[in-house]
>>> print(open('query36.pdb').read())   # PDB, C-alpha atoms, pLDDT in the B column
ATOM      1  CA  MET G  27      86.890 134.469 -58.877  1.00 94.00           C
ATOM      2  CA  ARG G  28      86.944 137.076 -61.606  1.00 97.00           C
ATOM      3  CA  LEU G  29      87.009 140.832 -61.097  1.00 98.00           C
ATOM      4  CA  TYR G  30      86.075 142.933 -64.127  1.00 98.00           C
ATOM      5  CA  THR G  31      87.715 146.339 -63.993  1.00 98.00           C
ATOM      6  CA  TYR G  32      89.332 149.330 -65.662  1.00 98.00           C
ATOM      7  CA  GLU G  33      92.859 150.173 -64.526  1.00 97.00           C
ATOM      8  CA  HIS G  34      92.104 153.871 -64.015  1.00 97.00           C
ATOM      9  CA  CYS G  35      88.776 153.474 -62.215  1.00 98.00           C
ATOM     10  CA  PRO G  36      89.003 154.435 -58.504  1.00 98.00           C
ATOM     11  CA  TYR G  37      86.041 152.203 -57.681  1.00 98.00           C
ATOM     12  CA  CYS G  38      87.851 149.281 -59.283  1.00 98.00           C
ATOM     13  CA  VAL G  39      90.901 150.114 -57.181  1.00 98.00           C
ATOM     14  CA  ARG G  40      88.703 149.810 -54.089  1.00 98.00           C
ATOM     15  CA  ALA G  41      87.702 146.296 -55.107  1.00 98.00           C
ATOM     16  CA  ARG G  42      91.260 145.296 -56.019  1.00 98.00           C
ATOM     17  CA  MET G  43      92.578 146.530 -52.668  1.00 98.00           C
ATOM     18  CA  ILE G  44      90.715 144.031 -50.514  1.00 98.00           C
ATOM     19  CA  PHE G  45      92.129 141.089 -52.463  1.00 98.00           C
ATOM     20  CA  GLY G  46      95.651 142.431 -52.047  1.00 98.00           C
ATOM     21  CA  LEU G  47      95.232 143.321 -48.372  1.00 98.00           C
ATOM     22  CA  LYS G  48      93.973 139.814 -47.597  1.00 97.00           C
ATOM     23  CA  ASN G  49      96.261 138.023 -50.071  1.00 97.00           C
ATOM     24  CA  ILE G  50      93.320 136.396 -51.857  1.00 96.00           C
ATOM     25  CA  PRO G  51      93.850 135.308 -55.477  1.00 96.00           C
ATOM     26  CA  VAL G  52      91.534 136.829 -58.070  1.00 97.00           C
ATOM     27  CA  ASP G  53      91.561 136.924 -61.845  1.00 97.00           C
ATOM     28  CA  VAL G  54      91.513 140.632 -62.739  1.00 97.00           C
ATOM     29  CA  ILE G  55      90.028 141.205 -66.192  1.00 97.00           C
ATOM     30  CA  VAL G  56      90.454 144.657 -67.728  1.00 98.00           C
ATOM     31  CA  LEU G  57      87.677 145.479 -70.188  1.00 97.00           C
ATOM     32  CA  ALA G  58      88.014 147.812 -73.160  1.00 97.00           C
ATOM     33  CA  ASN G  59      86.508 151.126 -72.085  1.00 97.00           C
ATOM     34  CA  HIS G  60      83.949 151.231 -74.905  1.00 96.00           C
ATOM     35  CA  HIS G  61      82.964 147.593 -74.410  1.00 92.00           C
ATOM     36  CA  ASP G  62      79.551 146.992 -72.836  1.00 94.00           C
ATOM     37  CA  GLU G  63      78.645 143.408 -73.783  1.00 95.00           C
ATOM     38  CA  THR G  64      80.167 141.718 -70.726  1.00 95.00           C
ATOM     39  CA  PRO G  65      78.802 144.029 -68.011  1.00 96.00           C
ATOM     40  CA  MET G  66      75.405 144.152 -69.699  1.00 96.00           C
ATOM     41  CA  LYS G  67      75.309 140.362 -69.740  1.00 95.00           C
ATOM     42  CA  LEU G  68      76.409 140.097 -66.100  1.00 94.00           C
ATOM     43  CA  VAL G  69      74.448 142.878 -64.372  1.00 96.00           C
ATOM     44  CA  GLY G  70      72.328 144.557 -67.047  1.00 95.00           C
ATOM     45  CA  LYS G  71      74.275 147.830 -67.261  1.00 95.00           C
ATOM     46  CA  LYS G  72      77.685 149.165 -68.233  1.00 95.00           C
ATOM     47  CA  VAL G  73      79.463 149.326 -64.882  1.00 96.00           C
ATOM     48  CA  VAL G  74      82.661 148.167 -63.242  1.00 97.00           C
ATOM     49  CA  PRO G  75      83.863 146.710 -60.978  1.00 98.00           C
ATOM     50  CA  ILE G  76      81.961 143.442 -61.140  1.00 98.00           C
ATOM     51  CA  LEU G  77      82.887 140.385 -59.072  1.00 98.00           C
ATOM     52  CA  ALA G  78      81.862 136.938 -60.355  1.00 96.00           C
ATOM     53  CA  ASP G  79      82.620 133.606 -58.703  1.00 89.00           C
ATOM     54  CA  SER G  80      82.374 129.967 -59.725  1.00 82.00           C
ATOM     55  CA  ASP G  81      79.097 129.552 -57.811  1.00 84.00           C
ATOM     56  CA  GLY G  82      77.331 131.980 -60.140  1.00 87.00           C
ATOM     57  CA  MET G  83      77.374 134.911 -57.735  1.00 92.00           C
ATOM     58  CA  VAL G  84      77.687 138.231 -59.560  1.00 97.00           C
ATOM     59  CA  MET G  85      78.139 141.482 -57.656  1.00 96.00           C
ATOM     60  CA  PRO G  86      78.660 145.079 -58.793  1.00 96.00           C
ATOM     61  CA  GLU G  87      79.297 148.104 -56.516  1.00 96.00           C
ATOM     62  CA  SER G  88      82.789 148.548 -55.113  1.00 98.00           C
ATOM     63  CA  LEU G  89      82.077 148.767 -51.392  1.00 98.00           C
ATOM     64  CA  ASP G  90      79.647 145.842 -51.553  1.00 97.00           C
ATOM     65  CA  ILE G  91      82.456 143.783 -53.087  1.00 98.00           C
ATOM     66  CA  VAL G  92      84.948 144.958 -50.460  1.00 98.00           C
ATOM     67  CA  ARG G  93      82.673 144.103 -47.537  1.00 98.00           C
ATOM     68  CA  TYR G  94      81.652 140.747 -49.066  1.00 96.00           C
ATOM     69  CA  VAL G  95      85.236 139.607 -49.584  1.00 97.00           C
ATOM     70  CA  ASP G  96      86.399 140.928 -46.207  1.00 98.00           C
ATOM     71  CA  LYS G  97      83.705 139.033 -44.333  1.00 96.00           C
ATOM     72  CA  LYS G  98      83.762 135.815 -46.381  1.00 94.00           C
ATOM     73  CA  TYR G  99      87.476 135.101 -46.492  1.00 93.00           C
ATOM     74  CA  GLY G 100      89.183 134.837 -43.117  1.00 94.00           C
ATOM     75  CA  GLU G 101      88.884 137.294 -40.277  1.00 95.00           C
ATOM     76  CA  PRO G 102      87.623 140.737 -41.358  1.00 97.00           C
ATOM     77  CA  CYS G 103      90.480 143.231 -41.558  1.00 97.00           C
ATOM     78  CA  LEU G 104      88.595 146.497 -42.088  1.00 98.00           C
ATOM     79  CA  LYS G 105      86.937 148.694 -39.504  1.00 98.00           C
ATOM     80  CA  GLU G 106      83.718 150.460 -40.516  1.00 98.00           C
ATOM     81  CA  LEU G 107      85.291 153.858 -40.122  1.00 97.00           C
ATOM     82  CA  VAL G 108      85.691 157.016 -42.180  1.00 98.00           C
ATOM     83  CA  ARG G 109      86.654 160.007 -40.078  1.00 98.00           C
ATOM     84  CA  ASP G 110      84.564 163.128 -40.689  1.00 98.00           C
ATOM     85  CA  GLU G 111      87.606 165.242 -41.512  1.00 98.00           C
ATOM     86  CA  VAL G 112      88.810 162.702 -44.077  1.00 98.00           C
ATOM     87  CA  SER G 113      85.332 162.447 -45.588  1.00 98.00           C
ATOM     88  CA  GLN G 114      85.302 166.230 -45.934  1.00 98.00           C
ATOM     89  CA  TRP G 115      88.748 166.185 -47.532  1.00 98.00           C
ATOM     90  CA  ILE G 116      87.625 163.587 -50.064  1.00 98.00           C
ATOM     91  CA  GLN G 117      84.491 165.578 -50.858  1.00 98.00           C
ATOM     92  CA  ASN G 118      86.523 168.725 -51.418  1.00 98.00           C
ATOM     93  CA  VAL G 119      89.168 167.124 -53.644  1.00 98.00           C
ATOM     94  CA  SER G 120      86.572 165.114 -55.565  1.00 97.00           C
ATOM     95  CA  SER G 121      85.057 168.401 -56.730  1.00 96.00           C
ATOM     96  CA  TYR G 122      88.050 169.091 -58.993  1.00 98.00           C
ATOM     97  CA  HIS G 123      90.644 166.298 -59.140  1.00 97.00           C
ATOM     98  CA  ASN G 124      89.106 164.749 -62.273  1.00 98.00           C
ATOM     99  CA  HIS G 125      90.187 167.870 -64.168  1.00 98.00           C
ATOM    100  CA  LEU G 126      93.746 166.739 -63.465  1.00 98.00           C
ATOM    101  CA  VAL G 127      93.539 162.983 -63.911  1.00 98.00           C
ATOM    102  CA  LEU G 128      90.961 162.255 -66.624  1.00 98.00           C
ATOM    103  CA  PRO G 129      92.829 163.891 -69.546  1.00 98.00           C
ATOM    104  CA  ARG G 130      95.994 161.996 -68.567  1.00 98.00           C
ATOM    105  CA  PHE G 131      94.529 158.494 -68.383  1.00 98.00           C
ATOM    106  CA  VAL G 132      94.425 158.140 -72.166  1.00 98.00           C
ATOM    107  CA  GLN G 133      98.099 159.102 -72.511  1.00 98.00           C
ATOM    108  CA  ILE G 134      99.940 156.371 -70.594  1.00 97.00           C
ATOM    109  CA  GLY G 135      99.008 153.100 -72.302  1.00 96.00           C
ATOM    110  CA  LEU G 136      96.383 151.696 -69.950  1.00 98.00           C
ATOM    111  CA  LYS G 137      94.836 148.411 -71.077  1.00 97.00           C
ATOM    112  CA  GLU G 138      91.282 149.757 -71.304  1.00 98.00           C
ATOM    113  CA  PHE G 139      92.482 152.348 -73.828  1.00 98.00           C
ATOM    114  CA  ALA G 140      94.429 149.996 -76.108  1.00 97.00           C
ATOM    115  CA  MET G 141      91.827 150.439 -78.856  1.00 97.00           C
ATOM    116  CA  PRO G 142      91.201 153.814 -80.559  1.00 97.00           C
ATOM    117  CA  GLU G 143      87.462 153.306 -80.090  1.00 97.00           C
ATOM    118  CA  SER G 144      87.975 153.211 -76.328  1.00 98.00           C
ATOM    119  CA  VAL G 145      89.979 156.431 -76.291  1.00 98.00           C
ATOM    120  CA  GLU G 146      87.340 158.146 -78.407  1.00 98.00           C
ATOM    121  CA  TYR G 147      84.484 156.858 -76.229  1.00 97.00           C
ATOM    122  CA  PHE G 148      86.173 157.947 -72.986  1.00 98.00           C
ATOM    123  CA  THR G 149      87.240 161.345 -74.310  1.00 98.00           C
ATOM    124  CA  MET G 150      83.768 162.112 -75.609  1.00 98.00           C
ATOM    125  CA  LYS G 151      81.994 160.973 -72.449  1.00 97.00           C
ATOM    126  CA  LYS G 152      84.271 162.699 -69.959  1.00 98.00           C
ATOM    127  CA  SER G 153      84.599 165.908 -71.982  1.00 98.00           C
ATOM    128  CA  LYS G 154      80.875 166.395 -71.470  1.00 97.00           C
ATOM    129  CA  ILE G 155      81.565 166.492 -67.728  1.00 97.00           C
ATOM    130  CA  ILE G 156      84.838 168.428 -67.379  1.00 98.00           C
ATOM    131  CA  GLY G 157      85.170 170.203 -70.731  1.00 98.00           C
ATOM    132  CA  SER G 158      87.828 169.588 -73.372  1.00 98.00           C
ATOM    133  CA  PHE G 159      90.866 167.589 -72.304  1.00 98.00           C
ATOM    134  CA  ALA G 160      93.204 170.126 -73.911  1.00 98.00           C
ATOM    135  CA  ALA G 161      91.657 173.001 -71.953  1.00 98.00           C
ATOM    136  CA  ASN G 162      91.952 171.083 -68.700  1.00 98.00           C
ATOM    137  CA  LEU G 163      95.595 170.227 -69.346  1.00 98.00           C
ATOM    138  CA  ALA G 164      96.269 173.906 -69.999  1.00 98.00           C
ATOM    139  CA  GLN G 165      94.878 174.673 -66.531  1.00 98.00           C
ATOM    140  CA  THR G 166      97.247 172.230 -64.826  1.00 98.00           C
ATOM    141  CA  PRO G 167      99.203 174.947 -62.921  1.00 98.00           C
ATOM    142  CA  GLU G 168      95.984 176.246 -61.371  1.00 97.00           C
ATOM    143  CA  TYR G 169      94.858 172.784 -60.279  1.00 98.00           C
ATOM    144  CA  LEU G 170      98.346 171.858 -59.075  1.00 98.00           C
ATOM    145  CA  ALA G 171      98.417 174.814 -56.716  1.00 97.00           C
ATOM    146  CA  ARG G 172      95.072 173.750 -55.295  1.00 98.00           C
ATOM    147  CA  ILE G 173      95.856 170.047 -54.856  1.00 98.00           C
ATOM    148  CA  ASN G 174      99.260 170.739 -53.322  1.00 98.00           C
ATOM    149  CA  GLN G 175      97.584 172.857 -50.651  1.00 98.00           C
ATOM    150  CA  ASP G 176      94.951 170.215 -49.987  1.00 98.00           C
ATOM    151  CA  LEU G 177      97.605 167.505 -49.707  1.00 98.00           C
ATOM    152  CA  LEU G 178      99.349 169.549 -47.022  1.00 98.00           C
ATOM    153  CA  ALA G 179      96.084 169.541 -45.077  1.00 98.00           C
ATOM    154  CA  LEU G 180      95.745 165.773 -45.525  1.00 98.00           C
ATOM    155  CA  ASN G 181      99.272 165.228 -44.243  1.00 98.00           C
ATOM    156  CA  ASP G 182      98.124 166.165 -40.748  1.00 97.00           C
ATOM    157  CA  LEU G 183      95.386 163.511 -40.904  1.00 98.00           C
ATOM    158  CA  ILE G 184      97.609 160.531 -41.782  1.00 98.00           C
ATOM    159  CA  VAL G 185      98.302 158.540 -38.608  1.00 98.00           C
ATOM    160  CA  SER G 186     100.339 155.671 -40.082  1.00 98.00           C
ATOM    161  CA  PRO G 187     101.704 154.578 -43.486  1.00 98.00           C
ATOM    162  CA  LYS G 188      99.882 151.274 -42.945  1.00 98.00           C
ATOM    163  CA  ALA G 189      96.466 152.821 -42.274  1.00 98.00           C
ATOM    164  CA  SER G 190      95.380 156.431 -42.543  1.00 98.00           C
ATOM    165  CA  SER G 191      93.483 156.353 -39.237  1.00 98.00           C
ATOM    166  CA  GLY G 192      95.929 154.011 -37.493  1.00 98.00           C
ATOM    167  CA  GLU G 193      93.826 150.893 -38.174  1.00 98.00           C
ATOM    168  CA  LEU G 194      92.855 149.472 -41.555  1.00 98.00           C
ATOM    169  CA  ALA G 195      89.361 150.702 -42.347  1.00 98.00           C
ATOM    170  CA  ILE G 196      86.906 151.588 -45.072  1.00 98.00           C
ATOM    171  CA  GLU G 197      88.623 154.987 -44.877  1.00 98.00           C
ATOM    172  CA  ASP G 198      91.672 153.473 -46.598  1.00 98.00           C
ATOM    173  CA  ILE G 199      89.470 151.904 -49.258  1.00 98.00           C
ATOM    174  CA  VAL G 200      87.960 155.268 -50.223  1.00 98.00           C
ATOM    175  CA  LEU G 201      91.049 157.455 -49.710  1.00 98.00           C
ATOM    176  CA  PHE G 202      93.876 155.515 -51.346  1.00 98.00           C
ATOM    177  CA  PRO G 203      92.300 155.240 -54.843  1.00 98.00           C
ATOM    178  CA  ILE G 204      92.101 159.032 -55.100  1.00 98.00           C
ATOM    179  CA  LEU G 205      95.716 159.457 -54.037  1.00 98.00           C
ATOM    180  CA  ARG G 206      96.866 156.647 -56.304  1.00 98.00           C
ATOM    181  CA  ASN G 207      95.252 158.261 -59.333  1.00 98.00           C
ATOM    182  CA  LEU G 208      96.866 161.580 -58.484  1.00 98.00           C
ATOM    183  CA  THR G 209     100.284 159.950 -58.955  1.00 98.00           C
ATOM    184  CA  ILE G 210      99.633 160.284 -62.694  1.00 98.00           C
ATOM    185  CA  VAL G 211     100.109 164.056 -62.449  1.00 98.00           C
ATOM    186  CA  LYS G 212     103.654 165.350 -62.810  1.00 97.00           C
ATOM    187  CA  GLY G 213     104.376 168.225 -60.467  1.00 96.00           C
ATOM    188  CA  ILE G 214     102.213 167.172 -57.549  1.00 97.00           C
ATOM    189  CA  GLU G 215     104.077 167.560 -54.260  1.00 96.00           C
ATOM    190  CA  PHE G 216     103.119 164.769 -51.893  1.00 98.00           C
ATOM    191  CA  PRO G 217     104.038 165.689 -48.288  1.00 98.00           C
ATOM    192  CA  ASN G 218     106.100 163.165 -46.331  1.00 98.00           C
ATOM    193  CA  LYS G 219     103.319 161.319 -44.490  1.00 98.00           C
ATOM    194  CA  VAL G 220     101.033 161.249 -47.528  1.00 98.00           C
ATOM    195  CA  ALA G 221     103.873 159.977 -49.736  1.00 98.00           C
ATOM    196  CA  ALA G 222     104.773 157.238 -47.247  1.00 98.00           C
ATOM    197  CA  TYR G 223     101.120 156.209 -46.990  1.00 98.00           C
ATOM    198  CA  ILE G 224     100.710 155.997 -50.771  1.00 98.00           C
ATOM    199  CA  GLN G 225     103.834 153.859 -51.154  1.00 98.00           C
ATOM    200  CA  LYS G 226     102.978 151.515 -48.283  1.00 98.00           C
ATOM    201  CA  MET G 227      99.329 151.088 -49.255  1.00 98.00           C
ATOM    202  CA  SER G 228     100.368 150.334 -52.837  1.00 98.00           C
ATOM    203  CA  LEU G 229     102.644 147.548 -51.563  1.00 98.00           C
ATOM    204  CA  MET G 230     100.052 146.188 -49.143  1.00 98.00           C
ATOM    205  CA  SER G 231      97.194 146.189 -51.660  1.00 98.00           C
ATOM    206  CA  GLY G 232      99.156 145.231 -54.778  1.00 97.00           C
ATOM    207  CA  VAL G 233      97.767 148.222 -56.668  1.00 98.00           C
ATOM    208  CA  GLU G 234     100.502 149.840 -58.756  1.00 98.00           C
ATOM    209  CA  LEU G 235     101.122 153.588 -58.842  1.00 98.00           C
ATOM    210  CA  TYR G 236     101.538 155.811 -61.888  1.00 98.00           C
ATOM    211  CA  THR G 237     104.607 157.653 -60.595  1.00 97.00           C
ATOM    212  CA  ASP G 238     106.950 156.391 -63.317  1.00 96.00           C
ATOM    213  CA  ARG G 239     104.446 157.317 -66.037  1.00 96.00           C
ATOM    214  CA  ALA G 240     103.298 160.679 -64.692  1.00 98.00           C
ATOM    215  CA  VAL G 241     102.522 163.355 -67.290  1.00 97.00           C
TER     216      VAL G 241
END
>>> encode(input="query36.pdb", output="structure tokens")
Amino acid sequence: MRLYTYEHCPYCVRARMIFGLKNIPVDVIVLANHHDETPMKLVGKKVVPILADSDGMVMPESLDIVRYVDKKYGEPCLKELVRDEVSQWIQNVSSYHNHLVLPRFVQIGLKEFAMPESVEYFTMKKSKIIGSFAANLAQTPEYLARINQDLLALNDLIVSPKASSGELAIEDIVLFPILRNLTIVKGIEFPNKVAAYIQKMSLMSGVELYTDRAV
């Protein structure tokens, strides 16, 4: 099986997680960010992640991939659960966390940004959404204060390092990618239970953190 991804993409992290959690081999292919030929050929639009297997099955959409792999290979390991309070937390943080992470993705040598054309494409596209990268980086102290407060609130919701609700669930698939991407930001203060969860879920899923490259 082949999984077409970007390293920074939280939806791609979702898809990668299920393979790691179930110890299923997959060939992860990182596309150049400006490249559209492969996804257009596979699914008719520029999207990732895309799962393709040797039988000719091609599937986009992260949660569709997660549920397909979980059900097809061995006993399902994920509960269909996202607690309301966690969903609300994600919604709140999703309203601003891109202002922290997007300008940093092009600075740490990710594979999808190896070519100057990819950096230019990403910067142009995302600047239309969040404003200039330089301006967002200048506002880091403001966003840090906000995310540090929200992480304190999340700390009370983490039941176990091995599963945010106490049992592996879709909640982990949607929560961990956000937290993982936040490890790119120097100065974020992860409370004890959140930090333990991030570390353990990274080990369990095989999805690396950005802690050592944080800017």
>>> closest_residue(input="query36.pdb", among="G:Leu107, G:His60, G:Asn49, G:Tyr32", to="Ser231 (chain G)", atoms="all atoms listed in the file")
G:Asn49
>>> closest_residue(input="query36.pdb", among="G:Ser190, G:Asn59, G:Thr64, G:Ser120", to="Val132 (chain G)", atoms="all atoms listed in the file")
G:Asn59
>>> resolve_selection(input="query36.pdb", expression="the PyMOL selection byres ((chain G and resi 237) around 12)", output="PyMOL selection string")
chain G and resi 134+205-216+221+224-225+228+234-236+238-241
>>> resolve_selection(input="query36.pdb", expression="the PyMOL selection byres ((chain G and resi 40-48) around 6)", output="PyMOL selection string")
chain G and resi 37-39+49-50+88+92+199+230-232
>>> residues_around(input="query36.pdb", residues="region 136-145 of chain G", least_positions_apart="4", cutoff="12 Å", atoms="only C-alpha atoms", output="PDB file with C-alpha atoms, keeping the file's coordinate frame")
ATOM      1  CA  TYR G  30      86.075 142.933 -64.127  1.00 98.00           C
ATOM      2  CA  THR G  31      87.715 146.339 -63.993  1.00 98.00           C
ATOM      3  CA  TYR G  32      89.332 149.330 -65.662  1.00 98.00           C
ATOM      4  CA  GLU G  33      92.859 150.173 -64.526  1.00 97.00           C
ATOM      5  CA  HIS G  34      92.104 153.871 -64.015  1.00 97.00           C
ATOM      6  CA  CYS G  35      88.776 153.474 -62.215  1.00 98.00           C
ATOM      7  CA  VAL G  54      91.513 140.632 -62.739  1.00 97.00           C
ATOM      8  CA  ILE G  55      90.028 141.205 -66.192  1.00 97.00           C
ATOM      9  CA  VAL G  56      90.454 144.657 -67.728  1.00 98.00           C
ATOM     10  CA  LEU G  57      87.677 145.479 -70.188  1.00 97.00           C
ATOM     11  CA  ALA G  58      88.014 147.812 -73.160  1.00 97.00           C
ATOM     12  CA  ASN G  59      86.508 151.126 -72.085  1.00 97.00           C
ATOM     13  CA  HIS G  60      83.949 151.231 -74.905  1.00 96.00           C
ATOM     14  CA  HIS G  61      82.964 147.593 -74.410  1.00 92.00           C
ATOM     15  CA  ASP G  62      79.551 146.992 -72.836  1.00 94.00           C
ATOM     16  CA  VAL G  74      82.661 148.167 -63.242  1.00 97.00           C
ATOM     17  CA  LEU G 128      90.961 162.255 -66.624  1.00 98.00           C
ATOM     18  CA  PRO G 129      92.829 163.891 -69.546  1.00 98.00           C
ATOM     19  CA  ARG G 130      95.994 161.996 -68.567  1.00 98.00           C
ATOM     20  CA  PHE G 131      94.529 158.494 -68.383  1.00 98.00           C
ATOM     21  CA  VAL G 132      94.425 158.140 -72.166  1.00 98.00           C
ATOM     22  CA  THR G 149      87.240 161.345 -74.310  1.00 98.00           C
ATOM     23  CA  MET G 150      83.768 162.112 -75.609  1.00 98.00           C
ATOM     24  CA  LYS G 151      81.994 160.973 -72.449  1.00 97.00           C
ATOM     25  CA  LYS G 152      84.271 162.699 -69.959  1.00 98.00           C
ATOM     26  CA  SER G 153      84.599 165.908 -71.982  1.00 98.00           C
ATOM     27  CA  PHE G 159      90.866 167.589 -72.304  1.00 98.00           C
ATOM     28  CA  ILE G 210      99.633 160.284 -62.694  1.00 98.00           C
ATOM     29  CA  TYR G 236     101.538 155.811 -61.888  1.00 98.00           C
ATOM     30  CA  ARG G 239     104.446 157.317 -66.037  1.00 96.00           C
TER      31      ARG G 239
END
>>> resolve_selection(input="query36.pdb", expression="the PyMOL selection byres ((chain G and resi 105) around 12)", output="list in words")
Val92, Arg93, Asp96, Lys97, Glu101, Pro102, Cys103, Leu104, Glu106, Leu107, Val108, Arg109, Ala189, Ser190, Ser191, Gly192, Glu193, Leu194, Ala195, Ile196, Glu197, Asp198 and Ile199 of chain G
>>> atom_distance(input="query36.pdb", atom1="CA of Arg172 (chain G)", atom2="CA of Gln114 (chain G)")
15.5 Å
>>> axis_aligned_box(input="query36.pdb", around="region 231-235 of chain G", padding_each_side="6 Å", output="AutoDock Vina command-line options")
--center_x 99.2 --center_y 149.4 --center_z -55.3 --size_x 15.9 --size_y 20.4 --size_z 19.2
>>> atom_distance(input="query36.pdb", atom1="CA of Glu111 (chain G)", atom2="CA of Leu177 (chain G)")
13.1 Å
>>> residues_around(input="query36.pdb", residues="Asp79 (chain G)", least_positions_apart="3", cutoff="6 Å", atoms="only C-alpha atoms", output="PyMOL selection string")
chain G and resi 27+82-83
>>> closest_residue(input="query36.pdb", among="G:Gly70, G:Ile155, G:Lys219, G:Leu170", to="Leu183 (chain G)", atoms="all atoms listed in the file")
G:Lys219
>>> closest_residue(input="query36.pdb", among="G:Leu89, G:Val112, G:Ala171, G:Val84", to="Leu126 (chain G)", atoms="all atoms listed in the file")
G:Ala171
>>> residues_around(input="query36.pdb", residues="Val73 (chain G)", least_positions_apart="2", cutoff="9 Å", atoms="only C-alpha atoms", output="list in words")
Thr31, Asp62, Pro65, Met66, Val69, Gly70, Lys71, Pro75, Ile76, Pro86 and Glu87 of chain G
>>> atom_distance(input="query36.pdb", atom1="CA of Gln117 (chain G)", atom2="CA of Ser158 (chain G)")
23.1 Å
>>> closest_residue(input="query36.pdb", among="G:Asn218, G:Asn181, G:Ser186, G:Gln175", to="Asn118 (chain G)", atoms="all atoms listed in the file")
G:Gln175
>>> closest_residue(input="query36.pdb", among="G:Lys72, G:Lys67, G:Val220, G:His125", to="Asn162 (chain G)", atoms="all atoms listed in the file")
G:His125
>>> build_atoms(input="query36.pdb", residues="region 184-196 of chain G", atoms="N, CA, C and O atoms", output="CSV table (one decimal), in the frame of the given file")
chain,number,residue,atom,x,y,z
G,184,ILE,N,97.1,161.9,-41.6
G,184,ILE,CA,97.6,160.5,-41.8
G,184,ILE,C,98.3,160.1,-40.5
G,184,ILE,O,99.3,160.7,-40.1
G,185,VAL,N,97.8,159.0,-39.9
G,185,VAL,CA,98.3,158.5,-38.6
G,185,VAL,C,99.5,157.6,-38.8
G,185,VAL,O,100.4,157.6,-38.1
G,186,SER,N,99.3,156.7,-39.8
G,186,SER,CA,100.3,155.7,-40.1
G,186,SER,C,100.4,155.4,-41.6
G,186,SER,O,99.4,155.4,-42.3
G,187,PRO,N,101.6,155.0,-42.1
G,187,PRO,CA,101.7,154.6,-43.5
G,187,PRO,C,100.9,153.3,-43.8
G,187,PRO,O,100.4,153.1,-44.9
G,188,LYS,N,100.6,152.5,-42.8
G,188,LYS,CA,99.9,151.3,-42.9
G,188,LYS,C,98.4,151.4,-42.9
G,188,LYS,O,97.6,150.5,-43.2
G,189,ALA,N,97.9,152.6,-42.4
G,189,ALA,CA,96.5,152.8,-42.3
G,189,ALA,C,96.3,154.3,-41.9
G,189,ALA,O,96.8,154.8,-40.9
G,190,SER,N,95.5,155.0,-42.7
G,190,SER,CA,95.4,156.4,-42.5
G,190,SER,C,94.9,156.8,-41.2
G,190,SER,O,95.3,157.9,-40.6
G,191,SER,N,94.0,156.0,-40.6
G,191,SER,CA,93.5,156.4,-39.2
G,191,SER,C,94.2,155.7,-38.1
G,191,SER,O,93.9,155.9,-36.9
G,192,GLY,N,95.2,154.8,-38.5
G,192,GLY,CA,95.9,154.0,-37.5
G,192,GLY,C,95.5,152.6,-37.5
G,192,GLY,O,96.3,151.7,-37.1
G,193,GLU,N,94.3,152.3,-38.0
G,193,GLU,CA,93.8,150.9,-38.2
G,193,GLU,C,93.2,150.8,-39.6
G,193,GLU,O,92.5,151.7,-40.0
G,194,LEU,N,93.5,149.7,-40.2
G,194,LEU,CA,92.9,149.5,-41.6
G,194,LEU,C,91.3,149.6,-41.5
G,194,LEU,O,90.7,149.0,-40.6
G,195,ALA,N,90.8,150.4,-42.4
G,195,ALA,CA,89.4,150.7,-42.3
G,195,ALA,C,88.8,151.0,-43.7
G,195,ALA,O,89.6,151.2,-44.7
G,196,ILE,N,87.5,151.1,-43.8
G,196,ILE,CA,86.9,151.6,-45.1
G,196,ILE,C,87.5,152.9,-45.5
G,196,ILE,O,87.6,153.2,-46.7
